[in-house]
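**Student:** Dropping in query_28.tsv, with TSV, C-alpha atoms (C1' of nucleotides).
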```tsv
chain	number	residue	atom	x	y	z
A	5	MET	CA	0.00	0.00	0.00
A	6	THR	CA	1.43	3.32	-1.07
A	7	ASP	CA	1.83	6.18	1.34
A	8	ASN	CA	-0.81	8.38	-0.24
A	9	ARG	CA	-3.30	5.58	-0.40
A	10	LYS	CA	-2.90	5.05	3.31
A	11	LYS	CA	-3.28	8.78	3.95
A	12	LEU	CA	-6.43	8.85	1.81
A	13	GLU	CA	-7.99	6.01	3.73
A	14	GLU	CA	-7.22	7.62	7.06
A	15	ALA	CA	-8.48	11.03	6.04
A	16	ALA	CA	-11.63	9.53	4.53
A	17	LEU	CA	-12.30	7.39	7.59
A	18	ASN	CA	-12.00	10.44	9.79
A	19	SER	CA	-14.23	12.53	7.59
A	20	VAL	CA	-16.96	9.93	7.21
A	21	GLN	CA	-17.10	9.15	10.93
A	22	ARG	CA	-17.65	12.86	11.55
A	23	ASN	CA	-19.71	14.10	8.60
A	24	GLY	CA	-21.05	11.04	6.82
A	25	PHE	CA	-20.17	9.43	3.51
A	26	ASN	CA	-22.43	11.66	1.48
A	27	ALA	CA	-20.64	14.77	2.66
A	28	LEU	CA	-17.26	13.42	1.57
A	29	SER	CA	-15.95	14.72	-1.74
A	30	PHE	CA	-12.92	13.55	-3.71
A	31	ARG	CA	-11.82	17.17	-3.97
A	32	THR	CA	-11.66	17.96	-0.27
A	33	LEU	CA	-10.25	14.53	0.43
A	34	ALA	CA	-7.50	15.21	-2.10
A	35	ASP	CA	-6.84	18.59	-0.49
A	36	ASP	CA	-6.49	16.94	2.92
A	37	VAL	CA	-3.79	14.67	1.58
A	38	GLY	CA	-2.15	17.22	-0.68
A	39	ILE	CA	-2.88	15.69	-4.08
A	40	LYS	CA	-5.44	16.27	-6.85
A	41	SER	CA	-8.86	14.67	-7.06
A	42	SER	CA	-7.95	12.82	-10.25
A	43	SER	CA	-5.23	11.07	-8.27
A	44	VAL	CA	-7.82	9.94	-5.75
A	45	HIS	CA	-9.66	8.29	-8.64
A	46	TYR	CA	-6.49	6.36	-9.45
A	47	HIS	CA	-6.73	4.68	-6.03
A	48	PHE	CA	-10.51	4.49	-5.88
A	49	PRO	CA	-12.05	4.57	-9.36
A	50	GLU	CA	-15.57	5.18	-8.05
A	51	LYS	CA	-16.78	6.52	-4.76
A	52	SER	CA	-18.33	3.14	-3.95
A	53	ASP	CA	-14.83	1.63	-4.14
A	54	LEU	CA	-13.78	3.99	-1.39
A	55	ALA	CA	-16.85	3.09	0.65
A	56	ARG	CA	-16.02	-0.60	0.36
A	57	THR	CA	-12.43	-0.06	1.42
A	58	LEU	CA	-13.48	2.01	4.42
A	59	ILE	CA	-16.01	-0.51	5.67
A	60	GLU	CA	-13.59	-3.40	5.21
A	61	ARG	CA	-10.76	-1.56	6.88
A	62	TYR	CA	-12.89	-0.38	9.80
A	63	SER	CA	-14.37	-3.84	10.30
A	64	GLU	CA	-10.95	-5.45	10.25
A	65	THR	CA	-9.59	-3.15	12.94
A	66	PHE	CA	-12.73	-3.54	15.02
A	67	PHE	CA	-12.75	-7.33	14.95
A	68	GLN	CA	-9.06	-7.39	15.77
A	69	SER	CA	-9.96	-5.53	18.96
A	70	LEU	CA	-12.61	-8.14	19.72
A	71	TYR	CA	-10.18	-11.02	19.13
A	72	ALA	CA	-7.72	-9.29	21.44
A	73	ILE	CA	-10.41	-9.28	24.14
A	74	ASN	CA	-11.02	-13.00	23.53
A	75	GLU	CA	-7.41	-13.79	24.30
A	76	ARG	CA	-7.47	-12.12	27.70
A	77	LYS	CA	-8.15	-14.25	30.77
A	78	TRP	CA	-10.73	-11.76	31.98
A	79	GLY	CA	-14.13	-12.31	33.53
A	80	LEU	CA	-17.34	-11.30	31.77
A	81	ARG	CA	-17.55	-7.94	33.51
A	82	ARG	CA	-14.15	-6.84	32.39
A	83	LYS	CA	-14.65	-8.08	28.85
A	84	VAL	CA	-17.93	-6.22	28.46
A	85	ARG	CA	-16.26	-3.13	29.83
A	86	ALA	CA	-13.52	-3.51	27.21
A	87	PHE	CA	-16.19	-3.77	24.53
A	88	ILE	CA	-17.92	-0.62	25.73
A	89	ASP	CA	-14.54	1.13	25.93
A	90	ILE	CA	-14.23	0.86	22.16
A	91	PHE	CA	-17.35	3.00	21.80
A	92	GLU	CA	-16.23	5.43	24.49
A	93	ASN	CA	-13.07	6.05	22.51
A	94	VAL	CA	-15.13	6.76	19.41
A	95	ALA	CA	-17.28	9.18	21.39
A	96	ALA	CA	-14.21	10.90	22.86
A	97	ALA	CA	-13.05	11.62	19.31
A	98	LYS	CA	-16.47	13.15	18.58
A	99	LYS	CA	-17.11	10.52	15.96
A	100	LEU	CA	-19.65	7.84	15.21
A	101	CYS	CA	-18.85	4.22	14.48
A	102	LEU	CA	-18.14	4.18	10.74
A	103	CYS	CA	-20.74	1.51	10.15
A	104	GLY	CA	-23.29	3.24	12.35
A	105	MET	CA	-22.83	6.42	10.35
A	106	MET	CA	-23.08	4.60	7.05
A	107	ALA	CA	-26.14	2.73	8.29
A	108	SER	CA	-27.94	6.08	8.27
A	109	GLU	CA	-27.00	6.37	4.58
A	110	VAL	CA	-27.74	2.75	3.68
A	111	GLU	CA	-30.33	3.66	1.05
A	112	GLN	CA	-27.64	5.30	-1.02
A	113	LEU	CA	-25.17	2.42	-0.89
A	114	ASP	CA	-24.83	-0.34	-3.45
A	115	ASP	CA	-25.58	-3.97	-2.65
A	116	VAL	CA	-21.98	-4.92	-1.95
A	117	ASN	CA	-21.58	-2.21	0.66
A	118	ARG	CA	-24.94	-2.97	2.26
A	119	GLU	CA	-23.87	-6.55	2.63
A	120	LEU	CA	-20.57	-5.49	4.22
A	121	LEU	CA	-22.46	-3.34	6.73
A	122	ASN	CA	-24.81	-6.23	7.42
A	123	SER	CA	-21.88	-8.53	8.13
A	124	TYR	CA	-20.31	-6.01	10.48
A	125	PHE	CA	-23.46	-5.83	12.58
A	126	ILE	CA	-24.20	-9.56	12.54
A	127	ASN	CA	-20.63	-10.55	13.33
A	128	THR	CA	-20.43	-8.15	16.22
A	129	GLU	CA	-23.68	-9.45	17.66
A	130	ASN	CA	-22.44	-13.02	17.25
A	131	TRP	CA	-19.28	-12.18	19.14
A	132	LEU	CA	-21.37	-10.80	22.00
A	133	ILE	CA	-23.76	-13.76	21.95
A	134	GLN	CA	-20.80	-16.11	22.23
A	135	LEU	CA	-19.38	-14.05	25.07
A	136	PHE	CA	-22.63	-14.15	27.03
A	137	ASN	CA	-23.18	-17.84	26.30
A	138	ASP	CA	-19.69	-18.66	27.54
A	139	ASN	CA	-20.36	-16.81	30.78
A	140	ARG	CA	-24.01	-17.43	31.66
A	141	ASP	CA	-23.02	-18.01	35.31
A	142	ASP	CA	-21.85	-14.43	35.59
A	143	LEU	CA	-25.16	-12.98	34.41
A	144	ASN	CA	-27.78	-11.54	36.79
A	145	THR	CA	-30.57	-11.79	34.26
A	146	GLU	CA	-32.84	-14.40	32.74
A	147	LEU	CA	-32.78	-12.58	29.39
A	148	ASN	CA	-31.20	-14.77	26.76
A	149	SER	CA	-27.84	-14.01	25.21
A	150	ARG	CA	-29.27	-13.04	21.83
A	151	ILE	CA	-31.48	-10.36	23.35
A	152	LEU	CA	-28.67	-9.04	25.49
A	153	ALA	CA	-26.21	-8.96	22.61
A	154	LYS	CA	-28.50	-7.27	20.08
A	155	SER	CA	-29.73	-4.84	22.67
A	156	LEU	CA	-26.29	-3.86	23.95
A	157	PHE	CA	-24.82	-3.25	20.53
A	158	ALA	CA	-27.75	-1.24	19.16
A	159	SER	CA	-27.88	0.69	22.44
A	160	LEU	CA	-24.30	1.80	22.13
A	161	GLN	CA	-24.83	2.87	18.53
A	162	GLY	CA	-27.83	4.92	19.56
A	163	ALA	CA	-25.96	6.45	22.46
A	164	LEU	CA	-23.13	7.57	20.18
A	165	LEU	CA	-25.67	9.13	17.85
A	166	LEU	CA	-27.51	11.11	20.52
A	167	ASP	CA	-24.47	12.10	22.57
A	168	ARG	CA	-23.11	14.04	19.60
A	169	VAL	CA	-26.17	16.28	19.80
A	170	VAL	CA	-26.53	16.45	23.58
A	171	GLN	CA	-22.88	16.72	24.42
A	172	ASP	CA	-22.87	15.52	28.01
A	173	GLY	CA	-21.99	11.90	27.26
A	174	ASN	CA	-24.82	10.77	29.52
A	175	ARG	CA	-26.40	8.33	27.10
A	176	LEU	CA	-23.26	6.25	26.79
A	177	LYS	CA	-22.91	6.35	30.58
A	178	ALA	CA	-26.53	5.24	30.98
A	179	GLN	CA	-26.07	2.26	28.67
A	180	LYS	CA	-22.93	1.29	30.53
A	181	GLU	CA	-24.62	1.45	33.91
A	182	LEU	CA	-27.68	-0.43	32.71
A	183	PHE	CA	-25.78	-3.31	31.13
A	184	MET	CA	-23.26	-3.53	33.94
A	185	SER	CA	-26.21	-4.11	36.28
A	186	PHE	CA	-26.79	-7.39	34.45
A	187	LEU	CA	-23.31	-8.63	35.28
A	188	LYS	CA	-22.07	-10.14	38.51
B	21	MET	CA	-50.57	27.16	5.11
B	22	THR	CA	-50.89	26.75	1.37
B	23	ASP	CA	-51.49	23.42	-0.22
B	24	ASN	CA	-48.10	23.21	-1.90
B	25	ARG	CA	-46.28	24.21	1.22
B	26	LYS	CA	-47.93	21.35	3.07
B	27	LYS	CA	-47.06	18.96	0.26
B	28	LEU	CA	-43.47	20.14	0.33
B	29	GLU	CA	-43.17	19.54	4.05
B	30	GLU	CA	-44.61	16.08	3.77
B	31	ALA	CA	-42.45	15.08	0.83
B	32	ALA	CA	-39.36	16.48	2.51
B	33	LEU	CA	-40.12	14.74	5.80
B	34	ASN	CA	-40.51	11.47	4.00
B	35	SER	CA	-37.32	11.92	2.01
B	36	VAL	CA	-35.17	12.96	4.96
B	37	GLN	CA	-36.37	10.12	7.17
B	38	ARG	CA	-35.34	7.72	4.42
B	39	ASN	CA	-32.26	9.24	2.83
B	40	GLY	CA	-31.05	11.97	5.13
B	41	PHE	CA	-31.13	15.74	4.91
B	42	ASN	CA	-27.94	15.99	2.90
B	43	ALA	CA	-29.37	13.84	0.12
B	44	LEU	CA	-32.43	16.06	-0.23
B	45	SER	CA	-32.35	18.55	-3.10
B	46	PHE	CA	-34.76	21.35	-3.85
B	47	ARG	CA	-34.96	20.08	-7.42
B	48	THR	CA	-36.13	16.56	-6.65
B	49	LEU	CA	-38.35	17.88	-3.88
B	50	ALA	CA	-39.95	20.25	-6.37
B	51	ASP	CA	-40.42	17.37	-8.82
B	52	ASP	CA	-42.15	15.31	-6.14
B	53	VAL	CA	-44.69	18.07	-5.59
B	54	GLY	CA	-44.97	19.09	-9.22
B	55	ILE	CA	-43.52	22.60	-9.08
B	56	LYS	CA	-40.14	24.20	-9.86
B	57	SER	CA	-37.22	24.47	-7.47
B	58	SER	CA	-37.42	28.29	-7.49
B	59	SER	CA	-40.92	27.94	-6.06
B	60	VAL	CA	-39.54	25.84	-3.24
B	61	HIS	CA	-37.26	28.75	-2.40
B	62	TYR	CA	-40.31	30.95	-2.09
B	63	HIS	CA	-41.50	28.78	0.81
B	64	PHE	CA	-38.07	28.02	2.25
B	65	PRO	CA	-35.50	30.66	1.25
B	66	GLU	CA	-32.54	28.56	2.38
B	67	LYS	CA	-32.20	24.87	2.96
B	68	SER	CA	-31.67	25.50	6.67
B	69	ASP	CA	-35.17	27.06	6.79
B	70	LEU	CA	-36.55	23.78	5.54
B	71	ALA	CA	-34.53	21.86	8.12
B	72	ARG	CA	-35.91	24.04	10.90
B	73	THR	CA	-39.48	23.57	9.71
B	74	LEU	CA	-39.06	19.80	9.50
B	75	ILE	CA	-37.58	19.44	12.98
B	76	GLU	CA	-40.26	21.68	14.49
B	77	ARG	CA	-43.06	19.91	12.69
B	78	TYR	CA	-41.78	16.45	13.54
B	79	SER	CA	-41.22	17.38	17.18
B	80	GLU	CA	-44.69	18.85	17.46
B	81	THR	CA	-46.37	15.71	16.14
B	82	PHE	CA	-44.18	13.50	18.30
B	83	PHE	CA	-44.89	15.37	21.53
B	84	GLN	CA	-48.58	15.41	20.76
B	85	SER	CA	-48.39	11.62	20.73
B	86	LEU	CA	-46.69	11.69	24.13
B	87	TYR	CA	-49.31	14.04	25.57
B	88	ALA	CA	-51.99	11.70	24.25
B	89	ILE	CA	-50.35	8.88	26.20
B	90	ASN	CA	-50.31	11.06	29.33
B	91	GLU	CA	-54.05	11.48	29.18
B	92	ARG	CA	-54.74	7.75	29.14
B	93	LYS	CA	-55.49	6.02	32.42
B	94	TRP	CA	-53.01	3.29	31.62
B	95	GLY	CA	-50.45	1.58	33.80
B	96	LEU	CA	-46.72	1.97	33.23
B	97	ARG	CA	-46.42	-1.17	31.14
B	98	ARG	CA	-49.00	-0.07	28.65
B	99	LYS	CA	-47.67	3.46	28.43
B	100	VAL	CA	-44.14	2.27	27.73
B	101	ARG	CA	-45.52	-0.07	25.11
B	102	ALA	CA	-47.31	2.88	23.49
B	103	PHE	CA	-44.04	4.80	23.49
B	104	ILE	CA	-42.19	1.94	21.81
B	105	ASP	CA	-45.06	1.58	19.33
B	106	ILE	CA	-44.20	5.00	17.93
B	107	PHE	CA	-40.79	3.68	16.94
B	108	GLU	CA	-42.20	0.44	15.60
B	109	ASN	CA	-44.39	2.45	13.26
B	110	VAL	CA	-41.36	4.37	12.03
B	111	ALA	CA	-39.52	1.09	11.45
B	112	ALA	CA	-42.50	-0.38	9.61
B	113	ALA	CA	-42.32	2.54	7.18
B	114	LYS	CA	-38.61	1.77	6.65
B	115	LYS	CA	-37.70	5.15	8.04
B	116	LEU	CA	-35.63	6.57	10.85
B	117	CYS	CA	-36.83	9.08	13.39
B	118	LEU	CA	-36.31	12.44	11.67
B	119	CYS	CA	-34.21	13.73	14.56
B	120	GLY	CA	-32.22	10.52	14.78
B	121	MET	CA	-31.39	10.81	11.10
B	122	MET	CA	-30.46	14.46	11.40
B	123	ALA	CA	-28.39	13.70	14.47
B	124	SER	CA	-26.06	11.78	12.17
B	125	GLU	CA	-25.70	14.97	10.13
B	126	VAL	CA	-25.43	17.33	13.09
B	127	GLU	CA	-22.01	18.66	12.06
B	128	GLN	CA	-23.55	20.16	8.96
B	129	LEU	CA	-26.45	21.90	10.70
B	130	ASP	CA	-26.47	25.48	11.92
B	131	ASP	CA	-26.74	26.38	15.60
B	132	VAL	CA	-30.49	26.93	15.56
B	133	ASN	CA	-31.17	23.47	14.16
B	134	ARG	CA	-28.69	21.81	16.52
B	135	GLU	CA	-30.50	23.43	19.41
B	136	LEU	CA	-33.86	22.19	18.10
B	137	LEU	CA	-32.49	18.64	17.88
B	138	ASN	CA	-31.08	18.97	21.37
B	139	SER	CA	-34.48	20.02	22.71
B	140	TYR	CA	-36.19	17.12	21.00
B	141	PHE	CA	-33.89	14.63	22.70
B	142	ILE	CA	-33.90	16.29	26.12
B	143	ASN	CA	-37.66	16.79	26.16
B	144	THR	CA	-38.31	13.19	25.20
B	145	GLU	CA	-36.00	11.96	27.93
B	146	ASN	CA	-37.70	14.24	30.42
B	147	TRP	CA	-41.08	12.85	29.47
B	148	LEU	CA	-39.77	9.32	30.11
B	149	ILE	CA	-38.11	10.32	33.39
B	150	GLN	CA	-41.41	11.78	34.58
B	151	LEU	CA	-43.23	8.63	33.52
B	152	PHE	CA	-40.85	6.36	35.42
B	153	ASN	CA	-40.83	8.63	38.46
B	154	ASP	CA	-44.61	8.64	38.57
B	155	ASN	CA	-44.66	4.84	38.51
B	156	ARG	CA	-41.66	3.70	40.54
B	157	ASP	CA	-43.83	1.04	42.21
B	158	ASP	CA	-44.33	-0.69	38.88
B	159	LEU	CA	-40.60	-1.00	38.22
B	160	ASN	CA	-38.65	-4.23	38.77
B	161	THR	CA	-35.30	-2.49	38.84
B	162	GLU	CA	-33.21	-0.36	41.18
B	163	LEU	CA	-31.86	1.64	38.25
B	164	ASN	CA	-32.93	5.26	38.58
B	165	SER	CA	-35.40	6.86	36.22
B	166	ARG	CA	-32.82	9.02	34.46
B	167	ILE	CA	-30.72	6.01	33.50
B	168	LEU	CA	-33.76	4.09	32.34
B	169	ALA	CA	-35.11	6.99	30.32
B	170	LYS	CA	-31.87	7.91	28.57
B	171	SER	CA	-31.08	4.28	27.94
B	172	LEU	CA	-34.49	3.38	26.53
B	173	PHE	CA	-34.65	6.32	24.14
B	174	ALA	CA	-31.10	5.96	22.80
B	175	SER	CA	-31.63	2.21	22.52
B	176	LEU	CA	-34.66	2.64	20.31
B	177	GLN	CA	-32.83	5.11	18.09
B	178	GLY	CA	-29.97	2.66	17.70
B	179	ALA	CA	-32.33	-0.20	16.98
B	180	LEU	CA	-34.01	1.78	14.20
B	181	LEU	CA	-30.62	2.54	12.72
B	182	LEU	CA	-29.37	-1.05	12.69
B	183	ASP	CA	-32.65	-2.68	11.72
B	184	ARG	CA	-32.59	-0.81	8.41
B	185	VAL	CA	-29.40	-2.65	7.53
B	186	VAL	CA	-30.23	-6.02	9.04
B	187	GLN	CA	-33.82	-6.17	7.99
B	188	ASP	CA	-35.20	-8.68	10.48
B	189	GLY	CA	-36.45	-6.14	12.99
B	190	ASN	CA	-34.79	-8.09	15.78
B	191	ARG	CA	-33.03	-5.15	17.39
B	192	LEU	CA	-36.24	-3.29	18.05
B	193	LYS	CA	-37.75	-6.52	19.40
B	194	ALA	CA	-34.74	-7.04	21.64
B	195	GLN	CA	-35.01	-3.54	23.11
B	196	LYS	CA	-38.69	-4.07	23.72
B	197	GLU	CA	-38.17	-7.35	25.48
B	198	LEU	CA	-35.32	-6.02	27.58
B	199	PHE	CA	-37.13	-2.93	28.80
B	200	MET	CA	-40.40	-4.75	29.33
B	201	SER	CA	-38.51	-7.05	31.71
B	202	PHE	CA	-38.03	-4.02	33.96
B	203	LEU	CA	-41.78	-3.46	34.26
B	204	LYS	CA	-44.25	-5.28	36.46
C	13	DG	C1'	-47.09	31.74	-5.74
C	14	DT	C1'	-45.15	30.02	-9.62
C	15	DC	C1'	-42.64	30.49	-13.57
C	16	DT	C1'	-38.21	30.99	-16.88
C	17	DA	C1'	-33.70	31.96	-16.96
C	18	DT	C1'	-29.48	32.26	-14.98
C	19	DA	C1'	-25.42	32.76	-11.73
C	20	DT	C1'	-22.06	30.33	-9.29
C	21	DA	C1'	-20.15	26.57	-7.15
C	22	DC	C1'	-19.07	21.94	-6.72
C	23	DA	C1'	-20.00	16.99	-7.51
C	24	DG	C1'	-18.07	12.46	-9.71
C	25	DA	C1'	-15.54	10.98	-13.37
C	26	DT	C1'	-12.25	10.56	-17.58
C	27	DA	C1'	-8.37	11.52	-21.16
C	28	DG	C1'	-3.94	11.91	-21.88
C	29	DA	C1'	0.75	14.04	-20.76
C	30	DC	C1'	4.62	13.28	-17.77
D	17	DG	C1'	1.12	7.78	-9.45
D	18	DT	C1'	0.20	12.30	-10.14
D	19	DC	C1'	-0.72	15.98	-12.91
D	20	DT	C1'	-3.64	19.50	-16.04
D	21	DA	C1'	-7.61	20.03	-18.38
D	22	DT	C1'	-12.10	19.10	-19.16
D	23	DC	C1'	-16.82	16.89	-19.47
D	24	DT	C1'	-21.29	16.53	-17.63
D	25	DG	C1'	-24.46	16.81	-14.19
D	26	DT	C1'	-26.39	18.79	-10.24
D	27	DA	C1'	-26.39	21.71	-6.09
D	28	DT	C1'	-28.13	26.13	-3.73
D	29	DA	C1'	-29.71	30.38	-4.71
D	30	DT	C1'	-31.49	34.78	-7.04
D	31	DA	C1'	-33.75	38.17	-10.52
D	32	DG	C1'	-37.54	39.43	-12.59
D	33	DA	C1'	-41.81	38.40	-15.54
D	34	DC	C1'	-46.54	36.94	-14.97
```
If you took the structure in this file and wrote it as structure tokens, what would it be?

**Tutor:**
Amino acid sequence: MTDNRKKLEEAALNSVQRNGFNALSFRTLADDVGIKSSSVHYHFPEKSDLARTLIERYSETFFQSLYAINERKWGLRRKVRAFIDIFENVAAAKKLCLCGMMASEVEQLDDVNRELLNSYFINTENWLIQLFNDNRDDLNTELNSRILAKSLFASLQGALLLDRVVQDGNRLKAQKELFMSFLK
Amino acid sequence: MTDNRKKLEEAALNSVQRNGFNALSFRTLADDVGIKSSSVHYHFPEKSDLARTLIERYSETFFQSLYAINERKWGLRRKVRAFIDIFENVAAAKKLCLCGMMASEVEQLDDVNRELLNSYFINTENWLIQLFNDNRDDLNTELNSRILAKSLFASLQGALLLDRVVQDGNRLKAQKELFMSFLK
DNA sequence: GTCTATATACAGATAGAC
DNA sequence: GTCTATCTGTATATAGAC
């Protein structure tokens, strides 16, 4: 991967997580990196190619974080906290999850990119379901792992969304407190 | 309010809840209603004027629904279900909450519209806090009303967002089941 | 209130030189 | 890989006739 390609991906990731994919233009992206927009087209022929790259790259990094949590000899409580920490870091950077942001723009994406978003959400939920199933003894609730997993993940996405408008961070805190109350 | 103005508001509301505010153009909006884009500018001089109208109109309708719930002699369980029903109707129309959608685009809104979004979120949370406070005896949880309110509302917004990508509706169902488990 | 016509800016995308 | 130059389409917005 060339240097400028890497810079483009980073600048685009940053921009989309803040302003959305629709608001991203090849011109301003090129300006950020210090090249011309036609050179951006060399790396990403169409805008949808850039979208695909961003989703794949973001997903890869994200799931690497989850695998890293798997390898720790932590209890459920600490692992869930590590999961939530990922979203707190996104919030601290005043961003949304890339896939959460692009979910709001899903109607304008092509089928390939919709499928990539779908996989990101499903795979994340499956990771959480596995985590809860592996640690049922440490749960305070009768709610099944699927409900807990889907609820937790969607809750964090919603909290990120609302906390960028109401800037007190209280929605993320609320989700954390609520879900921690389910854990021994 | 003239007939075309009303049509414009409805078409715009529909479009934004599906595709976002950024993706809305005065041209296509005009086409939807059957007039020219310059005539749209007569009703809404700048795009931000349209944004303001949409947020105000959506908020007004939404809070009327909440006041209608207040006036019912229902228990907590039924009132919360009525609240969640609002979001299920939005999901059934394959839309997002207007303010949830525009929250994803908050960086591109002017101060007035950001403040209107902020009020929508805060006022909704306050309505829920009041509801939980008025019915503490019907709650199964020690979690305070503020946490429950902020968590429930953000959770539903997140569920709407993700369920448009993964089209099984399971995230909204999960939130419903989870929060209903807190109610007697 | 709506129209035609237009100004100005910017979008995504391509051709071809270097 | 990056550039200049350009095509084509569309965006927001305005002026002025009807």

**Student:** Near chain B, meaning an atom within 8 Å, which residues of chain D appear when counting only C-alpha atoms (C1' of nucleotides)? Write them as a PDB file with C-alpha atoms (C1' of nucleotides), keeping the file's coordinate frame.

**Tutor:**
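Produced file result21.pdb, reproduced below:
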```pdb
ATOM      1  C1'  DA D  27     -26.390  21.710  -6.090  1.00  0.00           C
ATOM      2  C1'  DT D  28     -28.130  26.130  -3.730  1.00  0.00           C
ATOM      3  C1'  DA D  29     -29.710  30.380  -4.710  1.00  0.00           C
TER       4       DA D  29
END
```

**Student:** Could you give me, as a compact mmCIF listing (two decimals) with C-alpha atoms, in the frame of the given file, the residues within 10 Å of Leu156 in chain A, counting all atoms listed in the file and dropping anything in the same chain fewer than 6 positions from it?

**Tutor:**
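Contents of around_10.txt, as written:
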```txt
# COMPACT_ATOMS: atom_id res chain seq x y z
CA VAL A 84 -17.93 -6.22 28.46
CA ILE A 88 -17.92 -0.62 25.73
CA GLU A 129 -23.68 -9.45 17.66
CA LEU A 132 -21.37 -10.80 22.00
CA ARG A 150 -29.27 -13.04 21.83
CA GLY A 162 -27.83 4.92 19.56
CA GLN A 179 -26.07 2.26 28.67
CA LYS A 180 -22.93 1.29 30.53
CA LEU A 182 -27.68 -0.43 32.71
CA PHE A 183 -25.78 -3.31 31.13
CA SER B 175 -31.63 2.21 22.52
CA GLY B 178 -29.97 2.66 17.70
CA ALA B 179 -32.33 -0.20 16.98
CA ARG B 191 -33.03 -5.15 17.39
CA ALA B 194 -34.74 -7.04 21.64
CA GLN B 195 -35.01 -3.54 23.11
CA LEU B 198 -35.32 -6.02 27.58
```

**Student:** Please identify all polymer residues within 8 Å of Asp142 in chain A, counting all atoms listed in the file, omitting same-chain residues fewer than 6 positions from it, and present them as a PyMOL selection string.

**Tutor:** chain A and resi 80+187-188

**Student:** Can you tell me how far CA of Leu192 in chain B sits from CA of Glu76 in chain B, in Å to one decimal?

**Tutor:**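 Computed distance, CA of Leu192 in chain B to CA of Glu76 in chain B, equals 25.5 Å.
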
**Student:** Can you check which residues of chain B have any atom within 9 Å of chain C? Use only C-alpha atoms (C1' of nucleotides) and format it as a list of chain:residue names.

**Tutor:** B:Ile55, B:Lys56, B:Ser58, B:Ser59, B:Tyr62

**Student:** Taking only C-alpha atoms into account, which residues of chain B are within 9 Å of chain A, as an mmCIF file with C-alpha atoms, keeping the file's coordinate frame?

**Tutor:**
```
data_model
loop_
_atom_site.group_PDB
_atom_site.id
_atom_site.type_symbol
_atom_site.label_atom_id
_atom_site.label_comp_id
_atom_site.auth_asym_id
_atom_site.auth_seq_id
_atom_site.Cartn_x
_atom_site.Cartn_y
_atom_site.Cartn_z
ATOM 1 C CA ARG B 38 -35.340 7.720 4.420
ATOM 2 C CA ASN B 39 -32.260 9.240 2.830
ATOM 3 C CA GLY B 40 -31.050 11.970 5.130
ATOM 4 C CA ASN B 42 -27.940 15.990 2.900
ATOM 5 C CA ALA B 43 -29.370 13.840 0.120
ATOM 6 C CA LEU B 116 -35.630 6.570 10.850
ATOM 7 C CA GLY B 120 -32.220 10.520 14.780
ATOM 8 C CA MET B 121 -31.390 10.810 11.100
ATOM 9 C CA ALA B 123 -28.390 13.700 14.470
ATOM 10 C CA SER B 124 -26.060 11.780 12.170
ATOM 11 C CA GLU B 125 -25.700 14.970 10.130
ATOM 12 C CA VAL B 126 -25.430 17.330 13.090
ATOM 13 C CA GLU B 127 -22.010 18.660 12.060
ATOM 14 C CA GLN B 128 -23.550 20.160 8.960
ATOM 15 C CA ARG B 134 -28.690 21.810 16.520
ATOM 16 C CA GLU B 135 -30.500 23.430 19.410
ATOM 17 C CA LEU B 137 -32.490 18.640 17.880
ATOM 18 C CA ASN B 138 -31.080 18.970 21.370
ATOM 19 C CA SER B 139 -34.480 20.020 22.710
ATOM 20 C CA PHE B 141 -33.890 14.630 22.700
ATOM 21 C CA ILE B 142 -33.900 16.290 26.120
ATOM 22 C CA LEU B 163 -31.860 1.640 38.250
ATOM 23 C CA ARG B 166 -32.820 9.020 34.460
ATOM 24 C CA ILE B 167 -30.720 6.010 33.500
ATOM 25 C CA LEU B 168 -33.760 4.090 32.340
ATOM 26 C CA ALA B 169 -35.110 6.990 30.320
ATOM 27 C CA LYS B 170 -31.870 7.910 28.570
ATOM 28 C CA SER B 171 -31.080 4.280 27.940
ATOM 29 C CA LEU B 172 -34.490 3.380 26.530
ATOM 30 C CA PHE B 173 -34.650 6.320 24.140
ATOM 31 C CA ALA B 174 -31.100 5.960 22.800
ATOM 32 C CA SER B 175 -31.630 2.210 22.520
ATOM 33 C CA LEU B 176 -34.660 2.640 20.310
ATOM 34 C CA GLN B 177 -32.830 5.110 18.090
ATOM 35 C CA GLY B 178 -29.970 2.660 17.700
ATOM 36 C CA ALA B 179 -32.330 -0.200 16.980
ATOM 37 C CA LEU B 180 -34.010 1.780 14.200
ATOM 38 C CA LEU B 181 -30.620 2.540 12.720
ATOM 39 C CA LEU B 182 -29.370 -1.050 12.690
ATOM 40 C CA ARG B 184 -32.590 -0.810 8.410
ATOM 41 C CA VAL B 185 -29.400 -2.650 7.530
ATOM 42 C CA VAL B 186 -30.230 -6.020 9.040
ATOM 43 C CA ASN B 190 -34.790 -8.090 15.780
ATOM 44 C CA ARG B 191 -33.030 -5.150 17.390
ATOM 45 C CA LEU B 192 -36.240 -3.290 18.050
ATOM 46 C CA LYS B 193 -37.750 -6.520 19.400
ATOM 47 C CA ALA B 194 -34.740 -7.040 21.640
ATOM 48 C CA GLN B 195 -35.010 -3.540 23.110
ATOM 49 C CA GLU B 197 -38.170 -7.350 25.480
ATOM 50 C CA LEU B 198 -35.320 -6.020 27.580
ATOM 51 C CA SER B 201 -38.510 -7.050 31.710
#
```

**Student:** Any idea what the distance is between CA of Glu108 in chain B and CA of Asp188 in chain B?

**Tutor:**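 Separation of CA of Glu108 in chain B and CA of Asp188 in chain B: 12.6 Å.
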
**Student:** One decimal, in Å: what's the spacing between CA of Phe87 in chain A and CA of Val20 in chain A?

**Tutor:**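 Separation of CA of Phe87 in chain A and CA of Val20 in chain A: 22.1 Å.
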